[in-house]
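As provided, my_file_19.txt (compact mmCIF, C-alpha atoms) reads as follows.
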```txt
# COMPACT_ATOMS: atom_id res chain seq x y z
CA LEU Q 1407 30.66 -75.58 100.61
CA GLY Q 1408 29.34 -79.09 100.15
CA LEU Q 1409 29.10 -79.73 103.88
CA ASN Q 1410 26.93 -76.62 104.21
CA ILE Q 1411 24.85 -77.24 101.07
CA ALA Q 1412 26.08 -73.94 99.61
CA ASN Q 1413 27.10 -73.13 96.05
CA SER Q 1414 29.53 -70.27 96.62
CA PHE Q 1415 31.37 -68.12 99.11
CA TYR Q 1416 29.82 -64.65 99.20
CA ILE Q 1417 31.92 -61.54 99.91
CA ALA Q 1418 29.38 -58.89 100.97
CA PRO Q 1419 29.59 -55.14 100.26
CA TYR Q 1420 30.42 -54.28 103.90
CA GLN Q 1421 33.80 -56.04 103.52
CA ARG Q 1422 36.94 -54.10 102.72
CA GLY Q 1423 38.37 -54.69 99.27
CA TYR Q 1424 41.14 -57.10 98.36
CA LYS Q 1425 44.33 -55.62 99.80
CA TRP Q 1426 46.88 -58.43 100.01
CA ALA Q 1427 50.17 -57.18 98.59
CA SER Q 1428 52.65 -59.43 96.80
CA ALA Q 1429 55.64 -57.24 95.89
CA THR Q 1430 58.11 -58.45 98.56
CA GLU Q 1431 58.87 -61.57 100.56
CA ASN Q 1432 57.18 -59.94 103.58
CA ASP Q 1433 53.86 -59.46 101.81
CA PRO Q 1434 50.87 -61.76 102.57
CA VAL Q 1435 50.53 -63.36 99.10
CA PHE Q 1436 54.21 -64.28 99.06
CA ILE Q 1437 54.08 -65.61 102.64
CA LEU Q 1438 50.97 -67.74 102.01
CA MET Q 1439 52.51 -69.30 98.90
CA LYS Q 1440 55.86 -69.82 100.64
CA ASP Q 1441 54.17 -71.58 103.59
CA LEU Q 1442 52.14 -73.83 101.29
CA ILE Q 1443 55.16 -74.71 99.14
CA GLU Q 1444 57.36 -75.43 102.18
CA SER Q 1445 54.67 -77.67 103.67
CA TRP Q 1446 54.34 -79.56 100.36
CA GLU Q 1447 58.11 -79.93 100.03
CA SER Q 1448 58.47 -81.22 103.60
CA GLY Q 1449 55.90 -83.96 102.99
CA HIS Q 1450 53.61 -82.97 105.87
CA GLY Q 1451 50.41 -84.98 106.01
CA GLU Q 1452 48.17 -81.94 106.39
CA TYR Q 1453 48.57 -78.18 106.58
CA TYR Q 1454 46.06 -75.99 108.39
CA LEU Q 1455 45.36 -72.40 107.40
CA GLN Q 1456 43.85 -69.91 109.83
CA TYR Q 1457 40.16 -69.98 110.63
CA ILE Q 1458 37.54 -68.33 108.47
CA THR Q 1459 34.19 -67.19 109.81
CA THR Q 1460 31.08 -67.67 107.69
CA LYS Q 1461 27.30 -67.71 107.92
CA ARG Q 1462 24.96 -69.69 105.69
CA ASN Q 1463 22.82 -67.22 103.78
CA ARG Q 1464 20.97 -66.63 100.52
CA TYR Q 1465 22.14 -64.37 97.72
CA GLN Q 1466 20.22 -63.99 94.43
CA ASP Q 1467 18.15 -67.11 95.16
CA THR Q 1468 21.13 -69.37 95.82
CA GLU Q 1469 22.59 -70.79 99.02
CA VAL Q 1470 25.93 -69.22 99.94
CA LEU Q 1471 28.40 -69.08 102.77
CA GLU Q 1472 28.78 -65.38 103.54
CA VAL Q 1473 32.41 -64.77 104.48
CA ILE Q 1474 32.65 -62.60 107.58
CA ASP Q 1475 36.37 -63.09 108.19
CA GLY Q 1476 38.97 -64.67 105.90
CA GLN Q 1477 38.09 -63.21 102.50
CA GLN Q 1478 41.69 -62.20 101.72
CA ARG Q 1479 42.86 -65.81 102.11
CA LEU Q 1480 39.92 -67.26 100.19
CA THR Q 1481 40.37 -64.76 97.38
CA THR Q 1482 44.10 -65.51 97.17
CA LEU Q 1483 43.43 -69.26 97.11
CA SER Q 1484 40.86 -68.75 94.34
CA VAL Q 1485 43.44 -66.85 92.30
CA MET Q 1486 46.00 -69.58 93.01
CA PHE Q 1487 43.72 -72.33 91.66
CA CYS Q 1488 43.03 -70.29 88.53
CA VAL Q 1489 46.78 -69.91 87.96
CA LEU Q 1490 47.33 -73.63 88.61
CA SER Q 1491 44.61 -74.52 86.12
CA HIS Q 1492 46.23 -72.25 83.53
CA ILE Q 1493 49.74 -73.66 84.01
CA LEU Q 1494 48.50 -77.26 83.92
CA ASN Q 1495 46.07 -76.52 81.07
CA ASP Q 1496 43.52 -78.46 83.08
CA GLU Q 1497 40.09 -77.02 83.85
CA LYS Q 1498 39.49 -79.75 86.46
CA ALA Q 1499 42.29 -78.23 88.55
CA ASN Q 1500 40.28 -75.03 88.91
CA ILE Q 1501 38.02 -76.13 91.75
CA THR Q 1502 37.23 -72.51 92.66
CA ARG Q 1503 35.82 -71.30 89.33
CA GLY Q 1504 32.57 -69.50 90.05
CA ARG Q 1505 32.75 -70.33 93.76
CA LEU Q 1506 33.55 -66.81 94.94
CA LEU Q 1507 30.88 -64.12 94.59
CA TYR Q 1508 32.86 -60.95 95.15
CA GLN Q 1509 30.30 -58.19 95.68
CA VAL Q 1510 32.46 -55.56 97.38
CA ARG Q 1511 32.70 -53.52 94.17
CA PRO Q 1512 31.01 -54.24 90.80
CA LYS Q 1513 34.16 -53.64 88.71
CA VAL Q 1514 36.09 -56.15 90.82
CA THR Q 1515 33.42 -58.77 90.21
CA ALA Q 1516 33.62 -58.11 86.46
CA PHE Q 1517 37.43 -58.29 86.52
CA PHE Q 1518 37.35 -61.52 88.50
CA ASN Q 1519 34.93 -63.13 86.06
CA GLU Q 1520 36.71 -61.90 82.93
CA PHE Q 1521 40.39 -62.10 83.86
CA ILE Q 1522 40.77 -64.46 86.83
CA TYR Q 1523 38.10 -67.10 86.20
CA GLY Q 1524 38.22 -66.32 82.50
CA ASN Q 1525 41.17 -65.11 80.45
CA ILE Q 1526 43.91 -65.22 83.11
CA THR Q 1527 46.51 -65.49 80.33
CA LYS Q 1528 45.95 -61.78 79.69
CA VAL Q 1529 47.01 -61.00 83.27
CA LEU Q 1530 49.94 -63.41 83.37
CA ASN Q 1531 51.37 -62.23 80.02
CA SER Q 1532 51.09 -58.50 80.71
CA ASP Q 1533 52.37 -55.89 83.11
CA TRP Q 1534 50.08 -53.59 85.07
CA GLU Q 1535 50.83 -50.45 83.05
CA ALA Q 1536 50.01 -52.14 79.74
CA PHE Q 1537 46.90 -53.82 81.19
CA LYS Q 1538 45.40 -50.64 82.67
CA THR Q 1539 46.13 -48.75 79.44
CA GLU Q 1540 44.18 -51.36 77.48
CA HIS Q 1541 41.47 -51.71 80.18
CA PRO Q 1542 41.18 -48.31 81.94
CA GLU Q 1543 37.83 -49.35 83.42
CA TYR Q 1544 39.76 -51.77 85.68
CA ASN Q 1545 42.21 -49.22 87.07
CA GLU Q 1546 41.12 -49.73 90.70
CA GLN Q 1547 43.07 -50.53 93.85
CA ASP Q 1548 41.51 -53.97 94.47
CA ILE Q 1549 42.15 -54.98 90.86
CA TYR Q 1550 45.75 -53.78 91.10
CA TYR Q 1551 46.29 -56.15 94.04
CA LEU Q 1552 44.48 -59.06 92.34
CA PHE Q 1553 46.50 -58.55 89.15
CA HIS Q 1554 49.79 -58.61 91.05
CA ALA Q 1555 48.74 -61.54 93.24
CA ALA Q 1556 48.11 -63.65 90.11
CA SER Q 1557 51.49 -62.66 88.67
CA ARG Q 1558 53.37 -63.42 91.92
CA ILE Q 1559 51.64 -66.79 92.36
CA ASN Q 1560 52.48 -67.68 88.77
CA GLU Q 1561 56.17 -66.81 89.37
CA GLN Q 1562 56.31 -68.88 92.56
CA LEU Q 1563 54.64 -71.91 90.99
CA LEU Q 1564 56.92 -71.84 87.94
CA LYS Q 1565 59.94 -72.01 90.29
CA LEU Q 1566 58.80 -75.26 91.90
CA SER Q 1567 61.28 -78.11 91.77
CA SER Q 1568 60.79 -81.66 92.93
CA THR Q 1569 61.61 -85.27 92.19
CA ASP Q 1570 58.09 -85.55 90.77
CA VAL Q 1571 57.64 -85.59 87.00
CA ASN Q 1572 55.18 -82.72 87.35
CA PRO Q 1573 55.83 -80.76 90.57
CA ILE Q 1574 53.12 -78.17 89.84
CA ASN Q 1575 50.47 -80.88 89.55
CA SER Q 1576 51.81 -82.53 92.72
CA PHE Q 1577 51.63 -79.21 94.58
CA GLY Q 1578 48.08 -78.61 93.32
CA GLN Q 1579 47.00 -82.06 94.54
CA PHE Q 1580 48.59 -81.35 97.92
CA VAL Q 1581 46.66 -78.08 98.29
CA MET Q 1582 43.37 -79.66 97.15
CA LYS Q 1583 43.61 -82.72 99.39
CA ARG Q 1584 45.85 -81.83 102.33
CA VAL Q 1585 45.44 -78.12 103.03
CA LYS Q 1586 42.59 -77.51 105.45
CA ILE Q 1587 40.63 -74.40 106.33
CA ILE Q 1588 38.81 -74.55 109.64
CA VAL Q 1589 35.40 -72.91 109.22
CA ASN Q 1590 33.51 -71.22 112.05
CA ASN Q 1591 29.84 -71.09 111.06
CA VAL Q 1592 27.78 -68.41 112.78
CA LYS Q 1593 24.22 -69.16 113.88
CA ALA Q 1594 21.37 -67.74 111.84
CA ASN Q 1595 20.10 -65.21 114.41
CA ILE Q 1596 23.36 -63.20 114.53
CA SER Q 1597 24.03 -60.30 112.14
CA CYS Q 1598 27.05 -60.79 109.86
CA GLU Q 1599 27.85 -57.07 109.88
CA LYS Q 1600 27.79 -56.96 113.69
CA ILE Q 1601 30.22 -59.89 113.89
CA PHE Q 1602 32.41 -58.29 111.22
CA SER Q 1603 32.58 -54.99 113.15
CA ASN Q 1604 33.41 -56.87 116.37
CA LEU Q 1605 36.16 -58.86 114.65
```
Translate the structure described by the file into structure tokens.
Amino acid sequence: LGLNIANSFYIAPYQRGYKWASATENDPVFILMKDLIESWESGHGEYYLQYITTKRNRYQDTEVLEVIDGQQRLTTLSVMFCVLSHILNDEKANITRGRLLYQVRPKVTAFFNEFIYGNITKVLNSDWEAFKTEHPEYNEQDIYYLFHAASRINEQLLKLSSTDVNPINSFGQFVMKRVKIIVNNVKANISCEKIFSNL
């Protein structure tokens, strides 16, 4: 974001919702976390995630990077940093807070702000049935996947073992400093929706 003088990543309404499952070892959330943890444990210098495609744009009078491709990964990483921050009880660890403007569906944006960036403890200390009973307004497919992604990430982080005094902090530092996302920036005269449909 800093290199592009942008404040946030913007997920536009033409995008599909968040659909990364996390129930089994073959699901994308589990695989992403497993790959990151294995890279951290092996001591690799750097770990590269797949490309994302963005375009510098404006949304509500602020500079953003509109995400054309890669929103599932970015969303999962945002959830991961919120979980890390919660486990470490360290707000500085949450480098993604407020950096993802998720405009696909209004309820998802509200859920993200209230229970991912905000009170993630409520998600991590509850099961889906109890949560949706207490908050029926959030009984939506995208929110179901976000809720379970946070829970799965929390489980995987709490299982970390290492010779470090604080392996979770060490892993968080590894992801912040050594995990790289290669960003393809699209030129201004090309329509984001056209690129999205072509991708």
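Coordinates place atom CA of Leu1455 of chain Q at a distance of 6.1 Å from atom CA of Lys1586 of chain Q.
Remark: for Phe1436 of chain Q, the closest of the candidate residues Q:Leu1530, Q:Val1514, Q:Ile1559, Q:Ile1411 is Q:Ile1559 (distances computed over all atoms listed in the file).
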Of the listed residues Q:Ile1501, Q:Met1486, Q:Thr1539, Q:Ala1594, that which approaches Arg1464 of chain Q most closely, counting only C-alpha atoms: Q:Ala1594
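Atom CA of Arg1505 of chain Q to atom CA of Met1582 of chain Q spans 14.5 Å [interatomic distance, one decimal].
Comparing Q:Asp1496, Q:Glu1540, Q:Asp1533, Q:Glu1447 by their smallest distance to Ser1576 of chain Q, the closest is Q:Glu1447 (using all atoms listed in the file).
As for atom CA of Lys1440 of chain Q and atom CA of Lys1583 of chain Q, they are spaced 17.8 Å apart.
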Contacts of segment 1417-1425 of chain Q within 8 Å, only C-alpha atoms, excl. fewer than 2 positions in-chain, as an NGL selection string: :Q and (1415 or 1427 or 1472-1474 or 1477-1478 or 1481 or 1506-1511 or 1547-1549 or 1551-1552 or 1599)
Could you rebuild segment 1418-1429 of chain Q with all heavy atoms and give it back as a PDB file, in the frame of the given file?
```pdb
ATOM      1  N   ALA Q1418      30.430 -59.932 100.935  1.00  0.00           N
ATOM      2  CA  ALA Q1418      29.380 -58.890 100.970  1.00  0.00           C
ATOM      3  C   ALA Q1418      29.974 -57.487 100.828  1.00  0.00           C
ATOM      4  O   ALA Q1418      31.161 -57.269 101.084  1.00  0.00           O
ATOM      5  CB  ALA Q1418      28.600 -59.005 102.272  1.00  0.00           C
ATOM      6  N   PRO Q1419      29.126 -56.519 100.463  1.00  0.00           N
ATOM      7  CA  PRO Q1419      29.590 -55.140 100.260  1.00  0.00           C
ATOM      8  C   PRO Q1419      30.184 -54.461 101.498  1.00  0.00           C
ATOM      9  O   PRO Q1419      30.935 -53.512 101.365  1.00  0.00           O
ATOM     10  CB  PRO Q1419      28.333 -54.401  99.795  1.00  0.00           C
ATOM     11  CG  PRO Q1419      27.472 -55.457  99.208  1.00  0.00           C
ATOM     12  CD  PRO Q1419      27.739 -56.696 100.017  1.00  0.00           C
ATOM     13  N   TYR Q1420      29.851 -54.919 102.714  1.00  0.00           N
ATOM     14  CA  TYR Q1420      30.420 -54.280 103.900  1.00  0.00           C
ATOM     15  C   TYR Q1420      31.898 -54.640 104.105  1.00  0.00           C
ATOM     16  O   TYR Q1420      32.596 -54.013 104.909  1.00  0.00           O
ATOM     17  CB  TYR Q1420      29.617 -54.636 105.168  1.00  0.00           C
ATOM     18  CG  TYR Q1420      29.575 -56.104 105.518  1.00  0.00           C
ATOM     19  CD1 TYR Q1420      30.648 -56.731 106.153  1.00  0.00           C
ATOM     20  CD2 TYR Q1420      28.460 -56.877 105.216  1.00  0.00           C
ATOM     21  CE1 TYR Q1420      30.605 -58.081 106.465  1.00  0.00           C
ATOM     22  CE2 TYR Q1420      28.402 -58.215 105.523  1.00  0.00           C
ATOM     23  CZ  TYR Q1420      29.485 -58.821 106.150  1.00  0.00           C
ATOM     24  OH  TYR Q1420      29.437 -60.159 106.457  1.00  0.00           O
ATOM     25  N   GLN Q1421      32.392 -55.640 103.392  1.00  0.00           N
ATOM     26  CA  GLN Q1421      33.800 -56.040 103.520  1.00  0.00           C
ATOM     27  C   GLN Q1421      34.717 -54.987 102.911  1.00  0.00           C
ATOM     28  O   GLN Q1421      34.334 -54.265 101.996  1.00  0.00           O
ATOM     29  CB  GLN Q1421      34.027 -57.363 102.787  1.00  0.00           C
ATOM     30  CG  GLN Q1421      33.363 -58.548 103.417  1.00  0.00           C
ATOM     31  CD  GLN Q1421      34.211 -59.163 104.521  1.00  0.00           C
ATOM     32  OE1 GLN Q1421      35.361 -58.804 104.724  1.00  0.00           O
ATOM     33  NE2 GLN Q1421      33.613 -60.101 105.239  1.00  0.00           N
ATOM     34  N   ARG Q1422      35.960 -54.941 103.400  1.00  0.00           N
ATOM     35  CA  ARG Q1422      36.940 -54.100 102.720  1.00  0.00           C
ATOM     36  C   ARG Q1422      37.351 -54.814 101.439  1.00  0.00           C
ATOM     37  O   ARG Q1422      37.142 -56.020 101.298  1.00  0.00           O
ATOM     38  CB  ARG Q1422      38.155 -53.831 103.610  1.00  0.00           C
ATOM     39  CG  ARG Q1422      39.043 -55.043 103.867  1.00  0.00           C
ATOM     40  CD  ARG Q1422      40.116 -54.690 104.883  1.00  0.00           C
ATOM     41  NE  ARG Q1422      40.996 -55.850 105.081  1.00  0.00           N
ATOM     42  CZ  ARG Q1422      42.301 -55.830 104.866  1.00  0.00           C
ATOM     43  NH1 ARG Q1422      42.893 -54.744 104.427  1.00  0.00           N
ATOM     44  NH2 ARG Q1422      43.028 -56.898 105.075  1.00  0.00           N
ATOM     45  N   GLY Q1423      37.950 -54.094 100.531  1.00  0.00           N
ATOM     46  CA  GLY Q1423      38.370 -54.690  99.270  1.00  0.00           C
ATOM     47  C   GLY Q1423      39.562 -55.610  99.445  1.00  0.00           C
ATOM     48  O   GLY Q1423      40.116 -55.750 100.532  1.00  0.00           O
ATOM     49  N   TYR Q1424      39.970 -56.217  98.336  1.00  0.00           N
ATOM     50  CA  TYR Q1424      41.140 -57.100  98.360  1.00  0.00           C
ATOM     51  C   TYR Q1424      42.390 -56.251  98.474  1.00  0.00           C
ATOM     52  O   TYR Q1424      42.655 -55.402  97.620  1.00  0.00           O
ATOM     53  CB  TYR Q1424      41.183 -57.965  97.099  1.00  0.00           C
ATOM     54  CG  TYR Q1424      42.335 -58.949  97.123  1.00  0.00           C
ATOM     55  CD1 TYR Q1424      42.287 -60.060  97.940  1.00  0.00           C
ATOM     56  CD2 TYR Q1424      43.463 -58.738  96.345  1.00  0.00           C
ATOM     57  CE1 TYR Q1424      43.338 -60.968  97.979  1.00  0.00           C
ATOM     58  CE2 TYR Q1424      44.524 -59.638  96.374  1.00  0.00           C
ATOM     59  CZ  TYR Q1424      44.450 -60.748  97.197  1.00  0.00           C
ATOM     60  OH  TYR Q1424      45.501 -61.641  97.243  1.00  0.00           O
ATOM     61  N   LYS Q1425      43.180 -56.478  99.522  1.00  0.00           N
ATOM     62  CA  LYS Q1425      44.330 -55.620  99.800  1.00  0.00           C
ATOM     63  C   LYS Q1425      45.612 -56.405 100.072  1.00  0.00           C
ATOM     64  O   LYS Q1425      46.560 -55.846 100.615  1.00  0.00           O
ATOM     65  CB  LYS Q1425      44.051 -54.723 101.010  1.00  0.00           C
ATOM     66  CG  LYS Q1425      42.901 -53.758 100.833  1.00  0.00           C
ATOM     67  CD  LYS Q1425      43.216 -52.659  99.845  1.00  0.00           C
ATOM     68  CE  LYS Q1425      42.137 -51.626  99.742  1.00  0.00           C
ATOM     69  NZ  LYS Q1425      40.954 -52.027  99.049  1.00  0.00           N
ATOM     70  N   TRP Q1426      45.659 -57.686  99.733  1.00  0.00           N
ATOM     71  CA  TRP Q1426      46.880 -58.430 100.010  1.00  0.00           C
ATOM     72  C   TRP Q1426      47.948 -58.090  98.981  1.00  0.00           C
ATOM     73  O   TRP Q1426      47.785 -58.351  97.783  1.00  0.00           O
ATOM     74  CB  TRP Q1426      46.598 -59.926 100.029  1.00  0.00           C
ATOM     75  CG  TRP Q1426      46.304 -60.417 101.418  1.00  0.00           C
ATOM     76  CD1 TRP Q1426      45.885 -59.678 102.485  1.00  0.00           C
ATOM     77  CD2 TRP Q1426      46.402 -61.761 101.876  1.00  0.00           C
ATOM     78  NE1 TRP Q1426      45.706 -60.491 103.573  1.00  0.00           N
ATOM     79  CE2 TRP Q1426      46.014 -61.766 103.236  1.00  0.00           C
ATOM     80  CE3 TRP Q1426      46.760 -62.956 101.266  1.00  0.00           C
ATOM     81  CZ2 TRP Q1426      46.005 -62.925 103.996  1.00  0.00           C
ATOM     82  CZ3 TRP Q1426      46.741 -64.112 102.020  1.00  0.00           C
ATOM     83  CH2 TRP Q1426      46.365 -64.097 103.385  1.00  0.00           C
ATOM     84  N   ALA Q1427      49.048 -57.536  99.459  1.00  0.00           N
ATOM     85  CA  ALA Q1427      50.170 -57.180  98.590  1.00  0.00           C
ATOM     86  C   ALA Q1427      51.011 -58.414  98.273  1.00  0.00           C
ATOM     87  O   ALA Q1427      50.933 -59.433  98.958  1.00  0.00           O
ATOM     88  CB  ALA Q1427      51.022 -56.107  99.264  1.00  0.00           C
ATOM     89  N   SER Q1428      51.830 -58.294  97.227  1.00  0.00           N
ATOM     90  CA  SER Q1428      52.650 -59.430  96.800  1.00  0.00           C
ATOM     91  C   SER Q1428      54.026 -59.016  96.285  1.00  0.00           C
ATOM     92  O   SER Q1428      54.743 -59.832  95.729  1.00  0.00           O
ATOM     93  CB  SER Q1428      51.911 -60.203  95.701  1.00  0.00           C
ATOM     94  OG  SER Q1428      51.605 -59.350  94.619  1.00  0.00           O
ATOM     95  N   ALA Q1429      54.405 -57.757  96.494  1.00  0.00           N
ATOM     96  CA  ALA Q1429      55.640 -57.240  95.890  1.00  0.00           C
ATOM     97  C   ALA Q1429      56.905 -57.781  96.538  1.00  0.00           C
ATOM     98  O   ALA Q1429      57.906 -58.000  95.860  1.00  0.00           O
ATOM     99  CB  ALA Q1429      55.645 -55.713  95.944  1.00  0.00           C
TER     100      ALA Q1429
END
```
